[in-house]
Amino acid sequence: MSTANQIKGIFFCEFHPTQGPIIAYQIPEDLIKKETFDALHIYIIPKKELFERDITVNALGHKILGYPVHIDSPKYARNALIFNLCFVFDQQTCTTDYEPVVKKLSAYLTQLELESGYLSNEESRKEIPKLMQDVLQALNTHGMCHVPMSKSTTIHLKVTSRITMPPAVADHDVPILVKDSGSISEWDLTTKQILPYLDGFNHVAFIATEADVEINLVKACLQNLQHYGVIKLISIFQYSNVHATTPEIYRLSEDKDLQDECVRYVRTQGHSLPEFKDIFHLLCEMNPGTTVRDICCQFNPRALRIDERKLIQFGLIKGLIRRIHRYPVKIHNINIQPRMQTLYHYFNGLHSYDEICGRMGMSYNELDELVESDSSVVVYFK
C-alpha cells in the first residue's frame, strides 16, 4: 500500500454507562490524546440520527473515519450499546476507499456482539486490541486482511479503489497509444477495427470515418482504452497551434531517463539522435505568443534531426507543455452576417476552435478568416 494513504492507527470508542464517551482501546496507545477526543467526541459518538452512517471528522491534525453503531437491548446498561471503531489518517489523506472497509468491520463487530457478546463481555473484549493491531498491519502492508474470530466467523476486509469514469471523448480529440495494447485478439471487434488508426495524429471523427465505425461506438471504445491506461487524448496537431510549458519542464531538465526517452521519441525517422539541448531549447521557446509555425521558421527543427510533430506529442503526453486553445465570443448582436448565423451558436466562450471546426467540418484557417472578418467577435486564449 502507498505510504501516503496508510492508516495511522485505529481506536475503539463507546458510550460508557457512567463515564460517557470514552476511548476504550487504541493502536498505537498514544494515537488520540484525551483532550482531542473530548473536543471531538460529539461527532464520533453522535446523536441517533447519525447512527449507522459514514462519519468523517477532519480536525486537530487528524482525519477520523468511523461508522457509529447503536444496538438496543434491555441486557445493556441504559438499554443500549453504542460504539464506533475508527480509522485515523493524516489530514490530507483521501479516505473514500476506506469507507466500505470501516462500515464492513463495524458490521462484523455487530454480528459478533449479537451472536456471542464479543464487545460487552469483559473477557472477550480484551481481544479487541489484538484485532485492531492485526487489521492495521495487514491493511497497511497488503491492502487486505483475513482474521479468524471464531469457528464460524472470519473477518475479510479489502481496500479497493473506486472506479472513476475517464473524461468524455470529443470528436476533435486525438488518441495516442501510450502503452502496449497487448494481443489484439483480447479486444472486442470494434476496438480491433480502430486500433490501426491510433497514430497520435488522427482525430476521433476521422478515425470513425476511416474505420467505418459509428462515432459513438468509437468514443466508447476509446473511453475504455483510456480507463486501462492504453491511450491518452491530446489535441490535433496544427502549425497554427500555440503551446506553453508547464512546471513539469523542470523534471525533464533533471531526469536523465526521461531525457533519453525524449531524444529517441522525437528523432526524425532515418536520422541519428538529436542533441537534448536542442530539444529542450525548442520546448522552452513555446509560450502563449508563439505558434508551432513560428518556432519551425525560426529554428528549423528538421535540420536539428527533430520531428516537430513528435516533439509536440511527447510534450503533451508527459505534461511538459499544454495546449492554449482559442475561444471565440460574440460580444454584441450588431453586424450579424447571414453566413455566420450557424456559427454564432458556438461563439459563447465555451467552444474552442478545435471543437467548432470538428462539428462544422471547417478548416482552422476558414474559421479564423470568418472570425477576423466579424468585428463583433473577439477571441480569448486559455
# chains A, B, ... in the order shown; residues from 1 in each chain; ligands from 1
>>> residues_around(residues="range 189-202 of chain A", least_positions_apart="2", cutoff="6 Å", atoms="only C-alpha atoms", output="ChimeraX atom specification")
/A:174-176,211,221
>>> select_by_dssp(residues="range 233-288 of chain A", states="alpha helix (DSSP H)", output="VMD selection string")
chain A and resid 249 to 254 256 to 266 276 to 284
>>> closest_residue(among="A:Arg125, A:Pro21, A:Ile7, A:Arg302", to="Tyr98 in chain A", atoms="only C-alpha atoms")
A:Ile7
>>> select_by_dssp(residues="range 205-314 of chain A", states="strand (DSSP E or B)", output="PyMOL selection string")
chain A and resi 231-234+242-245+267+291+306
>>> closest_residue(among="A:His281, A:Met165, A:Gly20, A:Gln337", to="Ser376 in chain A", atoms="only C-alpha atoms")
A:Gln337
>>> closest_residue(among="A:Cys262, A:Met360, A:Leu136, A:Cys296", to="Pro274 in chain A", atoms="only C-alpha atoms")
A:Cys262
>>> residues_around(residues="Pro167 in chain A", least_positions_apart="5", cutoff="12 Å", atoms="only C-alpha atoms", output="MDAnalysis selection string")
chainID A and resid 173 219:220 222:227 232:233
>>> residues_around(residues="Leu252 in chain A", least_positions_apart="3", cutoff="12 Å", atoms="only C-alpha atoms", output="tab-separated table (two decimals) with C-alpha atoms, in the first residue's frame")
chain	number	residue	atom	x	y	z
A	245	THR	CA	5.47	24.96	-20.93
A	246	THR	CA	4.27	23.63	-17.58
A	247	PRO	CA	6.21	23.29	-14.30
A	248	GLU	CA	6.91	19.69	-15.36
A	249	ILE	CA	9.54	21.04	-17.75
A	255	ASP	CA	15.59	13.30	-15.16
A	256	LYS	CA	18.21	11.55	-17.34
A	257	ASP	CA	15.92	8.61	-18.17
A	258	LEU	CA	13.18	10.98	-19.35
A	259	GLN	CA	15.75	12.88	-21.43
A	260	ASP	CA	16.90	9.67	-23.16
A	261	GLU	CA	13.29	8.68	-23.83
A	262	CYS	CA	12.59	12.12	-25.27
A	263	VAL	CA	15.63	12.07	-27.58
A	276	PHE	CA	18.97	17.00	-26.00
A	277	LYS	CA	19.93	20.68	-25.57
A	279	ILE	CA	15.10	19.64	-27.91
A	280	PHE	CA	14.97	21.41	-24.56
A	281	HIS	CA	15.56	24.78	-26.23
A	283	LEU	CA	10.31	23.27	-25.77
A	284	CYS	CA	11.32	26.33	-23.76
A	314	PHE	CA	5.87	13.89	-26.39
A	315	GLY	CA	5.43	17.20	-24.61
A	318	LYS	CA	4.34	13.80	-20.50
A	319	GLY	CA	2.65	17.03	-19.41
A	320	LEU	CA	5.72	19.13	-20.25
A	321	ILE	CA	3.62	21.52	-22.34
>>> closest_residue(among="A:Ser120, A:Thr154, A:Arg339, A:Ile331", to="Lys75 in chain A", atoms="only C-alpha atoms")
A:Ser120
>>> closest_atom_pairs(of="range 232-325 of chain A", to="range 346-356 of chain A", cutoff="10 Å", atoms="only C-alpha atoms", output="Markdown table")
| residue | atom | partner | partner_atom | distance |
| --- | --- | --- | --- | --- |
| A:Ser235 | CA | A:Asp354 | CA | 8.1 |
| A:Ile236 | CA | A:Asp354 | CA | 7.6 |
| A:Ile324 | CA | A:Ser352 | CA | 9.9 |
| A:His325 | CA | A:Ser352 | CA | 6.1 |
>>> write_last_selection(atoms="N, CA and C atoms", output="tab-separated table (two decimals), in the first residue's frame")
chain	number	residue	atom	x	y	z
A	235	SER	N	-4.45	17.07	-28.30
A	235	SER	CA	-5.13	17.92	-29.28
A	235	SER	C	-4.58	17.68	-30.67
A	236	ILE	N	-5.34	18.10	-31.67
A	236	ILE	CA	-4.94	17.96	-33.07
A	236	ILE	C	-3.66	18.77	-33.32
A	324	ILE	N	-2.75	25.80	-25.67
A	324	ILE	CA	-3.53	27.00	-25.38
A	324	ILE	C	-4.58	27.13	-26.50
A	325	HIS	N	-5.82	26.99	-26.14
A	325	HIS	CA	-6.91	26.98	-27.12
A	325	HIS	C	-7.46	28.38	-27.36
>>> residues_around(residues="Phe11 in chain A", least_positions_apart="3", cutoff="12 Å", atoms="only C-alpha atoms", output="PyMOL selection string")
chain A and resi 7-8+14+22-33+37+44+64-66+83-89+102+128-133+135-136
>>> closest_residue(among="A:Thr18, A:Leu60, A:Val218, A:Met144", to="Thr36 in chain A", atoms="only C-alpha atoms")
A:Leu60
>>> closest_residue(among="A:Gln298, A:Asn287, A:Ser240, A:Ser272", to="Ser363 in chain A", atoms="only C-alpha atoms")
A:Ser240
>>> residues_around(residues="His172 in chain A", least_positions_apart="2", cutoff="6 Å", atoms="only C-alpha atoms", output="PDB file with all heavy atoms, in the first residue's frame")
ATOM      1  N   ALA A 170     -14.193  13.679 -27.127  1.00  0.00           N
ATOM      2  CA  ALA A 170     -14.800  14.617 -28.083  1.00  0.00           C
ATOM      3  C   ALA A 170     -14.409  14.259 -29.522  1.00  0.00           C
ATOM      4  O   ALA A 170     -13.404  13.573 -29.745  1.00  0.00           O
ATOM      5  CB  ALA A 170     -14.356  16.042 -27.767  1.00  0.00           C
ATOM      6  N   HIS A 203      -7.814  12.423 -35.586  1.00  0.00           N
ATOM      7  CA  HIS A 203      -8.804  12.748 -34.556  1.00  0.00           C
ATOM      8  C   HIS A 203      -9.963  11.758 -34.604  1.00  0.00           C
ATOM      9  O   HIS A 203     -10.094  10.966 -35.547  1.00  0.00           O
ATOM     10  CB  HIS A 203      -9.286  14.190 -34.682  1.00  0.00           C
ATOM     11  CG  HIS A 203      -9.882  14.536 -36.005  1.00  0.00           C
ATOM     12  ND1 HIS A 203     -11.170  14.211 -36.344  1.00  0.00           N
ATOM     13  CD2 HIS A 203      -9.372  15.197 -37.085  1.00  0.00           C
ATOM     14  CE1 HIS A 203     -11.442  14.652 -37.563  1.00  0.00           C
ATOM     15  NE2 HIS A 203     -10.368  15.252 -38.037  1.00  0.00           N
ATOM     16  N   VAL A 204     -10.807  11.794 -33.600  1.00  0.00           N
ATOM     17  CA  VAL A 204     -11.850  10.787 -33.400  1.00  0.00           C
ATOM     18  C   VAL A 204     -12.802  10.714 -34.588  1.00  0.00           C
ATOM     19  O   VAL A 204     -13.128   9.614 -35.061  1.00  0.00           O
ATOM     20  CB  VAL A 204     -12.636  11.080 -32.101  1.00  0.00           C
ATOM     21  CG1 VAL A 204     -13.836  10.149 -31.975  1.00  0.00           C
ATOM     22  CG2 VAL A 204     -11.727  10.946 -30.889  1.00  0.00           C
ATOM     23  N   GLU A 355     -13.073  22.330 -31.461  1.00  0.00           N
ATOM     24  CA  GLU A 355     -14.412  21.762 -31.382  1.00  0.00           C
ATOM     25  C   GLU A 355     -15.301  22.291 -32.504  1.00  0.00           C
ATOM     26  O   GLU A 355     -16.029  21.520 -33.144  1.00  0.00           O
ATOM     27  CB  GLU A 355     -15.034  22.083 -30.023  1.00  0.00           C
ATOM     28  CG  GLU A 355     -16.431  21.521 -29.852  1.00  0.00           C
ATOM     29  CD  GLU A 355     -17.072  21.894 -28.537  1.00  0.00           C
ATOM     30  OE1 GLU A 355     -16.375  22.469 -27.665  1.00  0.00           O
ATOM     31  OE2 GLU A 355     -18.283  21.635 -28.376  1.00  0.00           O
ATOM     32  N   GLY A 358     -14.357  20.802 -35.851  1.00  0.00           N
ATOM     33  CA  GLY A 358     -14.765  19.404 -35.927  1.00  0.00           C
ATOM     34  C   GLY A 358     -16.253  19.249 -36.164  1.00  0.00           C
ATOM     35  O   GLY A 358     -16.677  18.409 -36.961  1.00  0.00           O
TER      36      GLY A 358
END
>>> atom_distance(atom1="CA of Ile317 in chain A", atom2="CA of Arg267 in chain A")
16.2 Å
